[in-house]
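I have placed the structure first, in the form of structure tokens, so that the comments after it can refer back to it.
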Amino acid sequence: MENIVTADLIQELRHKNDKPEGFEEYTNFSYYADDEYPAELIDKLRPNEHEVVRRYRRETYQPVFCEIFERMLNSLQKIQRSDGFIAKFPANENPRITDEETLEYYLTHNFGTQKNLMRWCFNVALKQYVIGANSQCVVWAREPESPTEYRKPFAMIIPTDKIMKVVDGEMLIWAKDSLYEYKETYEKYIKEPQREFYSIDREKWAKWRVGKYNKVELVEEKPMTLDVVPFFALGGVIEEEEWDEGYIEYQSRFKGILPWLNVATVEFSDLRAEITMHQNSTMWIYEDQQCPSCYGTGYVTRDNQKVKCTNTGCVNGHIPSSPFDIIRIRPAKENMGEAQAPTPPAGYVQKQTEIAKLQADRIEGYRYKALAAVNMQFLDVAPSAQSGVAKSYDRDETNNTFYGVATDIARIYEGIADLCARWRYSDMGADIQAMLPKVLIPNTFDVVGAGYLVEEMKMSKDSGINDAVLTQIEKEFIRKRFSDQPKLQKQLFDAYDLDPMSGMTEEEKALRVSNRGASKQDYIISNYITDFVRRAYEEDKEFANKTSEQKLVVLRKYADEKMKMVNTAAQIDIRNSNGNGSDDNGNGNE
């Protein structure tokens, strides 16, 4: 039968030297996702480099650009916190399935180690989805111990570097370990011999092993009881497809960061070497202290043979001085034509520091460009003056990127849910399609940090942008800064919405009142808006649910009370200034 895994097929694949689809992309991502040393980047670009320098690079390597990848993943986690991104399940209409055994309950309370499928998608699948679009997700279930129990399916991800052959929807073969490993001696990836393999097709799940005479043998198999083969690609952007062969090659949506991060990694390695050279200055010493054993020749005669000097301190016939030792200079023998020693007799070689500064600036620019390539430049915290790149943020483009990722995560979630439903309820003849969830995806995602909004507000104020637009930016800042304090959010929003002179300075408010463009009542409300709103929330628990006009009625009442208090205080001050509380007539009457 076509697309059925056999021992001969695996034996044939063992001897092929074809790398898995997307292998290069996967290994490049592994430099930043798994802290691997990028030997192919650093070593291969310098084939004539001295082995001492190459070893130094390897031993001192630090995965400093992994933090960019981690911050990118953390930002993508915000998708599950976005308003409207939820998995909606239909009501259970099958009387044979109890509430504790429904698909919804299983996927939200009992799915795998994470217990919740949505949590699994973001904690397990998200990273693999970013670095390996061609990785495969397999959903399998062991047979229950009792015939009355439901199967408990689970999901596992087969990384790209282990996949030997895949025919979409038909067959999947993978090795236990990574197929290729980078060899320094060959300076390339070499196929590693494998001993164990696994496969899934329409007939069975199987485990294979290399046995006698180096032949592949079947070790274990389990019959396929589903009407579909339970695996699918994590996916991303389709790069190439061959429908006749059941072949689709995907590309990660974040592949754009790799060229810039790779260049930054290579230059950072150079930068560290450059800084090390400047930190350890090269000292020069004028000396003519000959070795007493070889008399400056570097060789001695032993058993009538010329051999290297045996004095441990001798270097080519001379005894070098340490910069921490006292430097002894022999007087020049001028009668024998020797020149006088320079003054001072020692010093340090001056090195240029401009190249190190230039490299540091270039690397900061690469960091920004890597994030900008995937519309996540708002994660770059380096000052624009330092990076040499003007910061910009296109909200629409960022939303497009996050929407694409959210769509793929929803597809993975729904694909796993479909296979779990088939594993659990196909035997009982249930309507699988009627119980499947639908992941709702919002059109916009709240991903920008509060710090970026502060910069945006500052630039907006300096540019004289419209007050209404500035207010919306400030409201967005409030949402992010006080996301865990909904009551305080409402109070601050009311303070913005109910302030009749919002955004004005004290001088502008006073000028408007004097020109009769606003009343004293408006002036009082604007100056005391925060206190008034806080008082309203304390005195009336239903204040938040009132209409704007109803809220203004309350604030006007507070303003009138405040004006009476101010007027009364002013009258008392006038009387006190006239002496002993007397009135202006001086008759002693109150």
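Scheme for the structure tokens: letters A, B, ... for chains in order shown; per-chain residue numbers from 1; ligand numbers from 1 in order shown.
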* **Nearby residues (only C-alpha atoms) at most 9 Å from Val405 of chain A, same-chain spacing under 6 positions excluded, as an MDAnalysis selection string** => chainID A and resid 76 79 236 253
* To do: Name all residues at most 7 Å from Ala87 of chain A (count only C-alpha atoms; drop same-chain ones fewer than 2 positions away) and give them as JSON, numbers by chain.
  => {"A": [89, 437, 438, 439, 440]}
* Contacts of Asn17 of chain A at 10 Å (only C-alpha atoms; same-chain gap of 5+ positions) as a list in words -> Leu179, Tyr180, Ile190 and Lys191 of chain A
* Skipping near chain neighbours, those fewer than 3 positions away, what residues fall within 7 Å of segment 206-212 of chain A using only C-alpha atoms, listed as a PyMOL selection string? -> chain A and resi 195-200+215-222
* Would you give me, as a ChimeraX atom specification, the residues in segment 65-191 of chain A that DSSP reads as strand (DSSP E)? -> /A:86-88,136-140,154-158,163-167,171-175,180-183,188-191
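Among the candidates A:Phe482, A:Glu184, A:Glu241, A:Glu267, the residue lying nearest to Lys44 of chain A is A:Glu184 (atoms considered: only C-alpha atoms).
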* Shell of 9 Å around segment 488-498 of chain A, only C-alpha atoms, local chain residues under 3 positions omitted, as a list in words -> Thr471, Lys475, Ile478, Arg479, Phe482, Ser483, Asp484, Gln485, Met501, Ser502, Gly503, Ile525, Ser526, Ile529, Thr530, Phe532, Val533, Arg534, Tyr537, Ala544, Ser548, Lys551, Leu552 and Leu555 of chain A
